[in-house]
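Next comes final.cif, with mmCIF, C-alpha atoms.
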```cif
data_data
#
loop_
_atom_site.group_PDB
_atom_site.id
_atom_site.type_symbol
_atom_site.label_atom_id
_atom_site.label_comp_id
_atom_site.auth_asym_id
_atom_site.auth_seq_id
_atom_site.Cartn_x
_atom_site.Cartn_y
_atom_site.Cartn_z
ATOM 1 C CA PRO F 1 -15.410 6.878 -21.602
ATOM 2 C CA SER F 2 -12.997 4.511 -19.820
ATOM 3 C CA THR F 3 -12.755 4.651 -16.050
ATOM 4 C CA ASN F 4 -9.416 4.609 -14.245
ATOM 5 C CA LEU F 5 -10.128 1.005 -13.301
ATOM 6 C CA GLU F 6 -10.667 0.065 -16.937
ATOM 7 C CA GLN F 7 -7.442 1.841 -17.929
ATOM 8 C CA SER F 8 -5.567 -0.291 -15.409
ATOM 9 C CA ARG F 9 -7.069 -3.395 -16.994
ATOM 10 C CA VAL F 10 -5.866 -2.284 -20.427
ATOM 11 C CA LEU F 11 -2.412 -1.382 -19.109
ATOM 12 C CA TYR F 12 -1.955 -4.814 -17.602
ATOM 13 C CA ASN F 13 -3.579 -6.847 -20.348
ATOM 14 C CA ASN F 14 -0.351 -8.846 -20.711
ATOM 15 C CA PHE F 15 -0.887 -10.157 -17.184
ATOM 16 C CA ARG F 16 -4.460 -11.265 -17.754
ATOM 17 C CA THR F 17 -4.122 -14.617 -16.074
ATOM 18 C CA MET F 18 -4.277 -15.143 -12.327
ATOM 19 C CA ALA F 19 -2.793 -11.789 -11.283
ATOM 20 C CA GLN F 20 -5.426 -9.997 -13.342
ATOM 21 C CA GLN F 21 -8.139 -12.218 -11.906
ATOM 22 C CA PHE F 22 -7.034 -11.204 -8.412
ATOM 23 C CA TRP F 23 -7.366 -7.556 -9.460
ATOM 24 C CA ASP F 24 -10.762 -8.098 -11.035
ATOM 25 C CA ALA F 25 -12.018 -9.863 -7.900
ATOM 26 C CA ALA F 26 -11.016 -6.801 -5.872
ATOM 27 C CA ALA F 27 -12.313 -4.267 -8.436
ATOM 28 C CA PRO F 28 -15.372 -3.093 -6.418
ATOM 29 C CA LEU F 29 -13.185 -2.442 -3.376
ATOM 30 C CA ILE F 30 -10.449 -0.754 -5.398
ATOM 31 C CA LYS F 31 -13.024 1.512 -7.037
ATOM 32 C CA VAL F 32 -14.059 2.713 -3.566
ATOM 33 C CA THR F 33 -10.444 3.067 -2.427
ATOM 34 C CA GLU F 34 -9.460 5.289 -5.351
ATOM 35 C CA LYS F 35 -11.986 7.834 -4.035
ATOM 36 C CA HIS F 36 -10.911 7.543 -0.395
ATOM 37 C CA PRO F 37 -11.413 10.918 1.372
ATOM 38 C CA PHE F 38 -7.808 10.922 2.598
ATOM 39 C CA LEU F 39 -6.457 10.538 -0.949
ATOM 40 C CA VAL F 40 -8.887 12.981 -2.567
ATOM 41 C CA ALA F 41 -8.108 15.579 0.102
ATOM 42 C CA MET F 42 -4.403 15.267 -0.695
ATOM 43 C CA VAL F 43 -5.126 16.244 -4.283
ATOM 44 C CA ASP F 44 -7.572 19.065 -3.604
ATOM 45 C CA GLY F 45 -5.330 20.461 -0.873
ATOM 46 C CA THR F 46 -7.803 20.131 1.993
ATOM 47 C CA LEU F 47 -6.061 17.327 3.887
ATOM 48 C CA ASP F 48 -5.078 18.326 7.415
ATOM 49 C CA LEU F 49 -1.290 18.082 7.714
ATOM 50 C CA GLU F 50 -1.718 16.415 11.098
ATOM 51 C CA LYS F 51 -3.400 13.496 9.330
ATOM 52 C CA PHE F 52 -0.609 13.278 6.778
ATOM 53 C CA ARG F 53 2.063 13.370 9.503
ATOM 54 C CA TYR F 54 0.227 10.562 11.288
ATOM 55 C CA TYR F 55 0.089 8.581 8.036
ATOM 56 C CA VAL F 56 3.788 9.085 7.255
ATOM 57 C CA VAL F 57 4.884 7.825 10.673
ATOM 58 C CA GLN F 58 2.629 4.771 10.467
ATOM 59 C CA ASP F 59 3.706 4.087 6.889
ATOM 60 C CA ALA F 60 7.376 4.215 7.906
ATOM 61 C CA LEU F 61 6.645 1.535 10.499
ATOM 62 C CA TYR F 62 4.791 -0.507 7.890
ATOM 63 C CA LEU F 63 7.602 -0.200 5.328
ATOM 64 C CA LYS F 64 10.116 -1.757 7.717
ATOM 65 C CA ASP F 65 7.994 -4.899 7.938
ATOM 66 C CA PHE F 66 7.193 -4.776 4.222
ATOM 67 C CA ALA F 67 10.919 -4.700 3.381
ATOM 68 C CA ASP F 68 11.497 -7.568 5.805
ATOM 69 C CA ALA F 69 8.704 -9.585 4.165
ATOM 70 C CA LEU F 70 10.198 -9.073 0.693
ATOM 71 C CA ARG F 71 13.643 -10.118 1.925
ATOM 72 C CA ARG F 72 12.189 -13.234 3.523
ATOM 73 C CA LEU F 73 10.551 -14.169 0.215
ATOM 74 C CA GLY F 74 13.839 -13.597 -1.576
ATOM 75 C CA ASN F 75 15.566 -15.981 0.823
ATOM 76 C CA ASN F 76 12.954 -18.745 0.547
ATOM 77 C CA ALA F 77 14.226 -22.192 -0.360
ATOM 78 C CA GLY F 78 13.699 -23.098 -3.992
ATOM 79 C CA VAL F 79 13.459 -19.508 -5.262
ATOM 80 C CA SER F 80 15.469 -18.974 -8.446
ATOM 81 C CA GLU F 81 18.534 -16.758 -8.264
ATOM 82 C CA SER F 82 16.867 -14.302 -10.643
ATOM 83 C CA ASP F 83 13.682 -14.037 -8.583
ATOM 84 C CA SER F 84 15.678 -13.804 -5.363
ATOM 85 C CA LYS F 85 17.676 -10.860 -6.716
ATOM 86 C CA LYS F 86 14.479 -9.116 -7.786
ATOM 87 C CA LEU F 87 12.861 -9.569 -4.367
ATOM 88 C CA ILE F 88 15.958 -8.323 -2.550
ATOM 89 C CA HIS F 89 15.953 -5.350 -4.920
ATOM 90 C CA PHE F 90 12.321 -4.619 -4.018
ATOM 91 C CA SER F 91 13.225 -4.923 -0.335
ATOM 92 C CA ASP F 92 16.096 -2.470 -0.732
ATOM 93 C CA GLY F 93 13.741 -0.131 -2.597
ATOM 94 C CA ALA F 94 11.253 -0.188 0.270
ATOM 95 C CA ASN F 95 14.076 0.582 2.664
ATOM 96 C CA LYS F 96 15.564 3.360 0.559
ATOM 97 C CA ALA F 97 13.445 5.198 -1.997
ATOM 98 C CA GLU F 98 10.208 5.383 -0.043
ATOM 99 C CA LEU F 99 11.870 5.845 3.342
ATOM 100 C CA ASP F 100 14.014 8.625 1.862
ATOM 101 C CA LEU F 101 10.813 10.402 0.916
ATOM 102 C CA HIS F 102 9.411 9.875 4.391
ATOM 103 C CA HIS F 103 12.631 11.100 6.003
ATOM 104 C CA SER F 104 12.402 14.303 3.992
ATOM 105 C CA PHE F 105 8.980 14.816 5.567
ATOM 106 C CA PHE F 106 10.415 14.011 8.992
ATOM 107 C CA GLN F 107 13.121 16.646 8.548
ATOM 108 C CA THR F 108 10.573 19.229 7.442
ATOM 109 C CA TRP F 109 8.407 18.627 10.510
ATOM 110 C CA GLU F 110 11.205 17.662 12.934
ATOM 111 C CA ILE F 111 9.545 14.343 13.785
ATOM 112 C CA ASP F 112 10.766 10.740 13.845
ATOM 113 C CA ALA F 113 9.206 7.283 13.590
ATOM 114 C CA GLU F 114 11.719 5.795 16.039
ATOM 115 C CA GLY F 115 9.850 4.673 19.130
ATOM 116 C CA ALA F 116 6.473 5.398 17.514
ATOM 117 C CA THR F 117 3.618 3.079 18.447
ATOM 118 C CA PRO F 118 2.053 1.065 15.612
ATOM 119 C CA MET F 119 -1.632 1.940 15.606
ATOM 120 C CA PRO F 120 -4.306 -0.791 15.378
ATOM 121 C CA ASN F 121 -4.586 -1.074 11.601
ATOM 122 C CA THR F 122 -0.814 -0.824 11.157
ATOM 123 C CA LEU F 123 -0.316 -3.729 13.546
ATOM 124 C CA LEU F 124 -3.139 -5.672 11.896
ATOM 125 C CA TYR F 125 -1.752 -5.190 8.386
ATOM 126 C CA CYS F 126 1.861 -5.947 9.313
ATOM 127 C CA SER F 127 0.940 -8.970 11.424
ATOM 128 C CA ASN F 128 -1.202 -10.477 8.667
ATOM 129 C CA MET F 129 1.439 -9.783 6.027
ATOM 130 C CA LEU F 130 4.246 -11.415 8.016
ATOM 131 C CA ARG F 131 2.005 -14.326 9.023
ATOM 132 C CA VAL F 132 1.290 -15.170 5.394
ATOM 133 C CA VAL F 133 4.904 -14.696 4.287
ATOM 134 C CA THR F 134 6.330 -16.865 7.088
ATOM 135 C CA THR F 135 3.712 -19.628 7.388
ATOM 136 C CA CYS F 136 2.191 -20.017 3.899
ATOM 137 C CA THR F 137 3.589 -20.925 0.495
ATOM 138 C CA HIS F 138 5.965 -18.652 -1.410
ATOM 139 C CA ALA F 139 3.245 -17.910 -3.977
ATOM 140 C CA GLU F 140 0.808 -16.862 -1.253
ATOM 141 C CA GLY F 141 3.447 -14.602 0.248
ATOM 142 C CA LEU F 142 3.946 -12.898 -3.107
ATOM 143 C CA ALA F 143 0.195 -12.348 -3.459
ATOM 144 C CA THR F 144 -0.280 -10.819 -0.023
ATOM 145 C CA LEU F 145 2.317 -8.117 -0.810
ATOM 146 C CA LEU F 146 0.963 -7.315 -4.280
ATOM 147 C CA PRO F 147 -1.656 -4.703 -3.262
ATOM 148 C CA CYS F 148 1.012 -2.508 -1.666
ATOM 149 C CA PHE F 149 2.537 -2.239 -5.124
ATOM 150 C CA TRP F 150 -0.459 -2.332 -7.424
ATOM 151 C CA VAL F 151 -3.080 -0.431 -5.410
ATOM 152 C CA TYR F 152 -0.598 2.344 -4.593
ATOM 153 C CA MET F 153 0.315 2.739 -8.254
ATOM 154 C CA HIS F 154 -3.335 2.709 -9.257
ATOM 155 C CA VAL F 155 -4.418 5.377 -6.770
ATOM 156 C CA GLY F 156 -1.312 7.368 -7.676
ATOM 157 C CA LYS F 157 -2.437 7.407 -11.330
ATOM 158 C CA CYS F 158 -5.971 8.370 -10.282
ATOM 159 C CA MET F 159 -4.596 11.207 -8.171
ATOM 160 C CA LEU F 160 -2.423 12.438 -11.033
ATOM 161 C CA LYS F 161 -5.509 12.574 -13.262
ATOM 162 C CA LEU F 162 -7.520 14.471 -10.633
ATOM 163 C CA ARG F 163 -4.625 16.888 -10.115
ATOM 164 C CA GLU F 164 -4.560 17.610 -13.838
ATOM 165 C CA GLU F 165 -8.328 18.152 -13.870
ATOM 166 C CA LEU F 166 -8.178 20.562 -10.931
ATOM 167 C CA GLY F 167 -5.270 22.484 -12.437
ATOM 168 C CA ASP F 168 -4.614 25.822 -10.762
ATOM 169 C CA SER F 169 -8.045 25.958 -9.140
ATOM 170 C CA VAL F 170 -6.597 24.618 -5.879
ATOM 171 C CA THR F 171 -3.344 24.859 -3.930
ATOM 172 C CA ARG F 172 -1.757 22.000 -2.006
ATOM 173 C CA SER F 173 1.258 21.342 0.142
ATOM 174 C CA PRO F 174 4.408 20.425 -1.827
ATOM 175 C CA VAL F 175 4.650 17.244 0.275
ATOM 176 C CA PHE F 176 1.358 16.045 -1.218
ATOM 177 C CA ASP F 177 2.667 16.640 -4.734
ATOM 178 C CA ALA F 178 5.867 14.735 -3.915
ATOM 179 C CA TRP F 179 3.821 11.739 -2.722
ATOM 180 C CA ILE F 180 1.565 11.815 -5.804
ATOM 181 C CA ASP F 181 4.537 12.163 -8.151
ATOM 182 C CA MET F 182 6.267 9.175 -6.584
ATOM 183 C CA TYR F 183 3.405 6.692 -6.672
ATOM 184 C CA GLY F 184 1.932 7.968 -9.935
ATOM 185 C CA GLY F 185 5.308 8.111 -11.666
ATOM 186 C CA ASP F 186 6.877 5.948 -14.359
ATOM 187 C CA GLU F 187 9.676 4.614 -12.140
ATOM 188 C CA PHE F 188 7.259 3.152 -9.623
ATOM 189 C CA GLU F 189 5.091 1.787 -12.446
ATOM 190 C CA LYS F 190 8.069 -0.223 -13.731
ATOM 191 C CA GLU F 191 8.633 -1.700 -10.263
ATOM 192 C CA VAL F 192 4.968 -2.641 -10.051
ATOM 193 C CA THR F 193 4.976 -4.242 -13.492
ATOM 194 C CA ASP F 194 8.023 -6.332 -12.562
ATOM 195 C CA TYR F 195 6.425 -7.468 -9.303
ATOM 196 C CA ILE F 196 3.151 -8.386 -11.041
ATOM 197 C CA ALA F 197 5.190 -10.603 -13.378
ATOM 198 C CA LEU F 198 6.634 -12.459 -10.372
ATOM 199 C CA VAL F 199 3.183 -13.024 -8.901
ATOM 200 C CA ASP F 200 1.742 -14.129 -12.210
ATOM 201 C CA ALA F 201 4.551 -16.615 -12.845
ATOM 202 C CA ALA F 202 4.073 -18.097 -9.368
ATOM 203 C CA ALA F 203 0.317 -18.342 -9.912
ATOM 204 C CA LYS F 204 0.769 -20.111 -13.265
ATOM 205 C CA ALA F 205 2.992 -22.707 -11.603
ATOM 206 C CA ALA F 206 0.606 -23.225 -8.657
ATOM 207 C CA ASP F 207 -2.402 -25.509 -8.344
ATOM 208 C CA THR F 208 -6.011 -24.341 -8.140
ATOM 209 C CA GLU F 209 -6.147 -24.483 -4.352
ATOM 210 C CA THR F 210 -3.067 -22.279 -4.033
ATOM 211 C CA ASN F 211 -4.451 -19.807 -6.566
ATOM 212 C CA GLU F 212 -7.633 -19.531 -4.527
ATOM 213 C CA LYS F 213 -5.572 -18.839 -1.413
ATOM 214 C CA MET F 214 -3.510 -16.258 -3.307
ATOM 215 C CA GLN F 215 -6.685 -14.439 -4.304
ATOM 216 C CA LYS F 216 -7.946 -14.530 -0.728
ATOM 217 C CA HIS F 217 -4.698 -12.974 0.528
ATOM 218 C CA PHE F 218 -4.760 -10.357 -2.231
ATOM 219 C CA LEU F 219 -8.302 -9.339 -1.297
ATOM 220 C CA MET F 220 -7.444 -9.134 2.385
ATOM 221 C CA SER F 221 -4.454 -6.891 1.714
ATOM 222 C CA CYS F 222 -6.638 -4.649 -0.471
ATOM 223 C CA LYS F 223 -9.016 -4.293 2.476
ATOM 224 C CA LEU F 224 -6.127 -3.549 4.811
ATOM 225 C CA GLU F 225 -4.779 -0.891 2.427
ATOM 226 C CA HIS F 226 -8.151 0.851 2.572
ATOM 227 C CA MET F 227 -8.263 0.505 6.356
ATOM 228 C CA PHE F 228 -4.751 1.970 6.603
ATOM 229 C CA TRP F 229 -6.005 5.186 4.995
ATOM 230 C CA ASP F 230 -9.162 5.038 7.153
ATOM 231 C CA GLN F 231 -6.891 4.966 10.171
ATOM 232 C CA ALA F 232 -5.036 8.106 9.085
ATOM 233 C CA GLU F 233 -8.226 9.906 8.101
ATOM 234 C CA ASN F 234 -9.659 9.272 11.583
ATOM 235 C CA LEU F 235 -6.372 9.669 13.509
ATOM 236 C CA MET F 236 -7.079 6.307 15.114
ATOM 237 C CA GLU F 237 -5.559 5.674 18.541
ATOM 238 C CA TRP F 238 -5.489 2.659 20.833
ATOM 239 C CA PRO F 239 -8.403 2.718 23.289
ATOM 240 C CA ASP F 240 -7.599 3.618 26.891
ATOM 241 C CA ILE F 241 -9.372 0.564 28.275
ATOM 242 C CA VAL F 242 -8.378 1.044 31.904
ATOM 243 C CA GLY F 243 -8.970 4.796 31.848
ATOM 244 C CA ASP F 244 -12.329 4.445 30.125
ATOM 245 C CA ALA F 245 -13.385 1.844 32.703
ATOM 246 C CA ALA F 246 -12.340 4.144 35.546
ATOM 247 C CA ASP F 247 -14.281 7.036 34.009
ATOM 248 C CA ALA F 248 -17.356 4.843 33.621
ATOM 249 C CA ALA F 249 -17.048 3.745 37.271
ATOM 250 C CA ASP F 250 -16.789 7.368 38.417
ATOM 251 C CA GLU F 251 -19.917 8.268 36.474
ATOM 252 C CA ASN F 252 -21.796 5.511 38.273
#
```
As structure tokens, how would this structure be written, given the file I've shared?
Amino acid sequence: PSTNLEQSRVLYNNFRTMAQQFWDAAAPLIKVTEKHPFLVAMVDGTLDLEKFRYYVVQDALYLKDFADALRRLGNNAGVSESDSKKLIHFSDGANKAELDLHHSFFQTWEIDAEGATPMPNTLLYCSNMLRVVTTCTHAEGLATLLPCFWVYMHVGKCMLKLREELGDSVTRSPVFDAWIDMYGGDEFEKEVTDYIALVDAAAKAADTETNEKMQKHFLMSCKLEHMFWDQAENLMEWPDIVGDAADAADEN
């Protein structure tokens, strides 16, 4: 029987040039990510809501920089009018559709991301993303943002399948179902397909050295996606360096 990873390969067979090679290079990592404890717990209903609230706040912070990165790519010199419009559309989507979903969670829990502190892996991911977009080639910038589209859609499809398999044997928070429905849904899949086409076209027009750099950036962003969910699963906080040093001194 086909695995979810193999189904993704079939689904995107039309893009089996460089974009697909990036995906295949990351396949072992993606296979681990699709079974991430944070994601599986969302489907089986065992995820602590505190972890999901933490994730939503950090993701809202991430999405602001992600939207900014897409807009910067859309405004790059030499980008066709058609591609520019698509990238601005993606930027607007990051600002609206996904943030609307997050805001509905914020209203439910009476929380806000304004003034929230980016946690270590959020800062790491956003900093790397914006570094590539602002200092590297346009094609490399496209590649570094691709996992946020493609990996999210892929895990969304995996979670939909697991939800169907579990059926009524478990209960979960409606907010988990809303998240799964969004990223596993047809509307998001169309956005992902369109973005893959942009990346693939840029890769076809690039030289071998640039393609190698694009793959490197894609792999790094796949790692950072996994680490972003690690961070939420572990409720990661910044270390209290001064306080920990004082405590250690007191013990001595």
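Residues matching the PyMOL selection byres ((chain F and resi 81-83) around 12) in this structure come to F:Leu70, F:Arg71, F:Leu73, F:Gly74, F:Asn75, F:Asn76, F:Ala77, F:Gly78, F:Val79, F:Ser80, F:Ser84, F:Lys85, F:Lys86, F:Leu87, F:Ile88, F:His89, F:Phe90, F:His138, F:Leu142, F:Asp194, F:Tyr195, F:Ala197, F:Leu198, F:Val199, F:Ala201, F:Ala202.
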Save the residues we just selected, C-alpha atoms, as a PDB file, keeping the file's coordinate frame?
```pdb
ATOM      1  CA  LEU F  70      10.198  -9.073   0.693  1.00  0.00           C
ATOM      2  CA  ARG F  71      13.643 -10.118   1.925  1.00  0.00           C
ATOM      3  CA  LEU F  73      10.551 -14.169   0.215  1.00  0.00           C
ATOM      4  CA  GLY F  74      13.839 -13.597  -1.576  1.00  0.00           C
ATOM      5  CA  ASN F  75      15.566 -15.981   0.823  1.00  0.00           C
ATOM      6  CA  ASN F  76      12.954 -18.745   0.547  1.00  0.00           C
ATOM      7  CA  ALA F  77      14.226 -22.192  -0.360  1.00  0.00           C
ATOM      8  CA  GLY F  78      13.699 -23.098  -3.992  1.00  0.00           C
ATOM      9  CA  VAL F  79      13.459 -19.508  -5.262  1.00  0.00           C
ATOM     10  CA  SER F  80      15.469 -18.974  -8.446  1.00  0.00           C
ATOM     11  CA  SER F  84      15.678 -13.804  -5.363  1.00  0.00           C
ATOM     12  CA  LYS F  85      17.676 -10.860  -6.716  1.00  0.00           C
ATOM     13  CA  LYS F  86      14.479  -9.116  -7.786  1.00  0.00           C
ATOM     14  CA  LEU F  87      12.861  -9.569  -4.367  1.00  0.00           C
ATOM     15  CA  ILE F  88      15.958  -8.323  -2.550  1.00  0.00           C
ATOM     16  CA  HIS F  89      15.953  -5.350  -4.920  1.00  0.00           C
ATOM     17  CA  PHE F  90      12.321  -4.619  -4.018  1.00  0.00           C
ATOM     18  CA  HIS F 138       5.965 -18.652  -1.410  1.00  0.00           C
ATOM     19  CA  LEU F 142       3.946 -12.898  -3.107  1.00  0.00           C
ATOM     20  CA  ASP F 194       8.023  -6.332 -12.562  1.00  0.00           C
ATOM     21  CA  TYR F 195       6.425  -7.468  -9.303  1.00  0.00           C
ATOM     22  CA  ALA F 197       5.190 -10.603 -13.378  1.00  0.00           C
ATOM     23  CA  LEU F 198       6.634 -12.459 -10.372  1.00  0.00           C
ATOM     24  CA  VAL F 199       3.183 -13.024  -8.901  1.00  0.00           C
ATOM     25  CA  ALA F 201       4.551 -16.615 -12.845  1.00  0.00           C
ATOM     26  CA  ALA F 202       4.073 -18.097  -9.368  1.00  0.00           C
TER      27      ALA F 202
END
```
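What separates atom CA of Lys161 of chain F from atom CA of Glu233 of chain F is a distance of 21.7 Å.
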request  = Could you list the residues chosen by the PyMOL selection byres ((chain F and resi 61) around 9) in this structure as a list in words?
outcome  = Val56, Val57, Gln58, Asp59, Ala60, Tyr62, Leu63, Lys64, Asp65, Phe66, Ala113, Glu114, Ala116, Thr117, Pro118, Thr122 and Cys126 of chain F
task = For the structure provided, state which residues fall under the PyMOL selection byres ((chain F and resi 170-175) around 10), and present them as an MDAnalysis selection string.
result = chainID F and resid 41:47 49 52 101:102 104:105 108 163 166:169 176:181
Export, as a CSV table (one decimal), in the coordinates of the input, the selected residues with C-alpha atoms.
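Everything below was put into part.csv:
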```csv
chain,number,residue,atom,x,y,z
F,41,ALA,CA,-8.1,15.6,0.1
F,42,MET,CA,-4.4,15.3,-0.7
F,43,VAL,CA,-5.1,16.2,-4.3
F,44,ASP,CA,-7.6,19.1,-3.6
F,45,GLY,CA,-5.3,20.5,-0.9
F,46,THR,CA,-7.8,20.1,2.0
F,47,LEU,CA,-6.1,17.3,3.9
F,49,LEU,CA,-1.3,18.1,7.7
F,52,PHE,CA,-0.6,13.3,6.8
F,101,LEU,CA,10.8,10.4,0.9
F,102,HIS,CA,9.4,9.9,4.4
F,104,SER,CA,12.4,14.3,4.0
F,105,PHE,CA,9.0,14.8,5.6
F,108,THR,CA,10.6,19.2,7.4
F,163,ARG,CA,-4.6,16.9,-10.1
F,166,LEU,CA,-8.2,20.6,-10.9
F,167,GLY,CA,-5.3,22.5,-12.4
F,168,ASP,CA,-4.6,25.8,-10.8
F,169,SER,CA,-8.0,26.0,-9.1
F,176,PHE,CA,1.4,16.0,-1.2
F,177,ASP,CA,2.7,16.6,-4.7
F,178,ALA,CA,5.9,14.7,-3.9
F,179,TRP,CA,3.8,11.7,-2.7
F,180,ILE,CA,1.6,11.8,-5.8
F,181,ASP,CA,4.5,12.2,-8.2
```
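Distances here use all atoms listed in the file; by that measure, the residue among F:Asp24, F:Glu212, F:Asp48, F:Glu34 closest to Val151 of chain F is F:Glu34.
Separating atom CA of Leu130 of chain F from atom CA of Ala67 of chain F is a distance of 10.5 Å.
Among the candidates F:Thr193, F:Asn128, F:Thr144, F:Gln231, the residue lying nearest to Met214 of chain F is F:Thr144 (atoms considered: only C-alpha atoms).
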ask   = Can you list, as a list in words, every protein, DNA or RNA residue that comes within 6 Å of Phe218 of chain F when you count all atoms listed in the file, leaving out same-chain residues fewer than 2 positions away?
value = Ala143, Thr144, Gln215, Lys216, Met220 and Ser221 of chain F
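The interatomic distance for the pair atom CA of Asp240 of chain F and atom CA of Arg53 of chain F works out to 22.2 Å.
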request  = Name the residues in contact with Cys158 of chain F at a cut-off of 9 Å, using only C-alpha atoms, excluding same-chain residues fewer than 2 positions from it; report them as a PyMOL selection string.
outcome  = chain F and resi 4-5+34-35+153-156+160-163+184
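Comparing the minimum interatomic distances between Ser127 of chain F and each of F:Trp229, F:Asp250, F:Ala69, F:Leu219, counting only C-alpha atoms, we find that F:Ala69 sits nearest.
Within 7 Å of the point (4.4, -11.8, 4.5), and counting all atoms listed in the file, the protein, DNA and RNA residues are F:Ala69, F:Met129, F:Leu130, F:Arg131, F:Val132, F:Val133, F:Thr134, F:Gly141, F:Thr144, F:Leu145.
Distance check against Phe38 of chain F using only C-alpha atoms: of F:Met159, F:Val242, F:Cys222, F:Ala248, the minimum falls on F:Met159.
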request  = Select, from F:His226, F:Ala205, F:Asn234, F:Thr135, the residue with the minimum atom-to-atom distance to Cys148 of chain F, counting only C-alpha atoms.
outcome  = F:His226
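Shell of Phe149 of chain F at 6 Å, with only C-alpha atoms counted and residues fewer than 3 places along the chain excluded, is Leu146, Tyr152 and Val192 of chain F.
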Could you add the missing atoms to segment 131-145 of chain F, up to N, CA, C and O atoms, and return them as a PDB file, in the frame of the given file?
```pdb
ATOM      1  N   ARG F 131       2.549 -12.981   8.784  1.00  0.00           N
ATOM      2  CA  ARG F 131       2.005 -14.326   9.023  1.00  0.00           C
ATOM      3  C   ARG F 131       1.940 -15.109   7.723  1.00  0.00           C
ATOM      4  O   ARG F 131       2.376 -16.264   7.660  1.00  0.00           O
ATOM      5  N   VAL F 132       1.416 -14.482   6.682  1.00  0.00           N
ATOM      6  CA  VAL F 132       1.290 -15.170   5.394  1.00  0.00           C
ATOM      7  C   VAL F 132       2.673 -15.488   4.818  1.00  0.00           C
ATOM      8  O   VAL F 132       2.930 -16.602   4.347  1.00  0.00           O
ATOM      9  N   VAL F 133       3.571 -14.512   4.864  1.00  0.00           N
ATOM     10  CA  VAL F 133       4.904 -14.696   4.287  1.00  0.00           C
ATOM     11  C   VAL F 133       5.682 -15.798   5.003  1.00  0.00           C
ATOM     12  O   VAL F 133       6.426 -16.550   4.369  1.00  0.00           O
ATOM     13  N   THR F 134       5.514 -15.911   6.318  1.00  0.00           N
ATOM     14  CA  THR F 134       6.330 -16.865   7.088  1.00  0.00           C
ATOM     15  C   THR F 134       5.678 -18.233   7.283  1.00  0.00           C
ATOM     16  O   THR F 134       6.383 -19.189   7.614  1.00  0.00           O
ATOM     17  N   THR F 135       4.368 -18.341   7.105  1.00  0.00           N
ATOM     18  CA  THR F 135       3.712 -19.628   7.388  1.00  0.00           C
ATOM     19  C   THR F 135       3.022 -20.245   6.179  1.00  0.00           C
ATOM     20  O   THR F 135       2.612 -21.408   6.248  1.00  0.00           O
ATOM     21  N   CYS F 136       2.876 -19.497   5.088  1.00  0.00           N
ATOM     22  CA  CYS F 136       2.191 -20.017   3.899  1.00  0.00           C
ATOM     23  C   CYS F 136       3.199 -20.253   2.773  1.00  0.00           C
ATOM     24  O   CYS F 136       4.395 -20.055   2.947  1.00  0.00           O
ATOM     25  N   THR F 137       2.707 -20.650   1.622  1.00  0.00           N
ATOM     26  CA  THR F 137       3.589 -20.925   0.495  1.00  0.00           C
ATOM     27  C   THR F 137       4.209 -19.637  -0.040  1.00  0.00           C
ATOM     28  O   THR F 137       3.716 -18.532   0.213  1.00  0.00           O
ATOM     29  N   HIS F 138       5.287 -19.798  -0.793  1.00  0.00           N
ATOM     30  CA  HIS F 138       5.965 -18.652  -1.410  1.00  0.00           C
ATOM     31  C   HIS F 138       4.995 -17.870  -2.297  1.00  0.00           C
ATOM     32  O   HIS F 138       4.965 -16.628  -2.252  1.00  0.00           O
ATOM     33  N   ALA F 139       4.199 -18.575  -3.079  1.00  0.00           N
ATOM     34  CA  ALA F 139       3.245 -17.910  -3.977  1.00  0.00           C
ATOM     35  C   ALA F 139       2.233 -17.079  -3.198  1.00  0.00           C
ATOM     36  O   ALA F 139       1.884 -15.961  -3.600  1.00  0.00           O
ATOM     37  N   GLU F 140       1.760 -17.608  -2.081  1.00  0.00           N
ATOM     38  CA  GLU F 140       0.808 -16.862  -1.253  1.00  0.00           C
ATOM     39  C   GLU F 140       1.462 -15.616  -0.664  1.00  0.00           C
ATOM     40  O   GLU F 140       0.838 -14.551  -0.572  1.00  0.00           O
ATOM     41  N   GLY F 141       2.719 -15.759  -0.274  1.00  0.00           N
ATOM     42  CA  GLY F 141       3.447 -14.602   0.248  1.00  0.00           C
ATOM     43  C   GLY F 141       3.565 -13.503  -0.794  1.00  0.00           C
ATOM     44  O   GLY F 141       3.382 -12.318  -0.500  1.00  0.00           O
ATOM     45  N   LEU F 142       3.875 -13.883  -2.026  1.00  0.00           N
ATOM     46  CA  LEU F 142       3.946 -12.898  -3.107  1.00  0.00           C
ATOM     47  C   LEU F 142       2.611 -12.177  -3.273  1.00  0.00           C
ATOM     48  O   LEU F 142       2.562 -10.950  -3.441  1.00  0.00           O
ATOM     49  N   ALA F 143       1.520 -12.928  -3.231  1.00  0.00           N
ATOM     50  CA  ALA F 143       0.195 -12.348  -3.459  1.00  0.00           C
ATOM     51  C   ALA F 143      -0.211 -11.383  -2.364  1.00  0.00           C
ATOM     52  O   ALA F 143      -0.850 -10.359  -2.638  1.00  0.00           O
ATOM     53  N   THR F 144       0.158 -11.685  -1.128  1.00  0.00           N
ATOM     54  CA  THR F 144      -0.280 -10.819  -0.023  1.00  0.00           C
ATOM     55  C   THR F 144       0.412  -9.463  -0.064  1.00  0.00           C
ATOM     56  O   THR F 144      -0.113  -8.480   0.467  1.00  0.00           O
ATOM     57  N   LEU F 145       1.599  -9.391  -0.707  1.00  0.00           N
ATOM     58  CA  LEU F 145       2.317  -8.117  -0.810  1.00  0.00           C
ATOM     59  C   LEU F 145       1.941  -7.325  -2.057  1.00  0.00           C
ATOM     60  O   LEU F 145       2.262  -6.142  -2.164  1.00  0.00           O
TER      61      LEU F 145
END
```
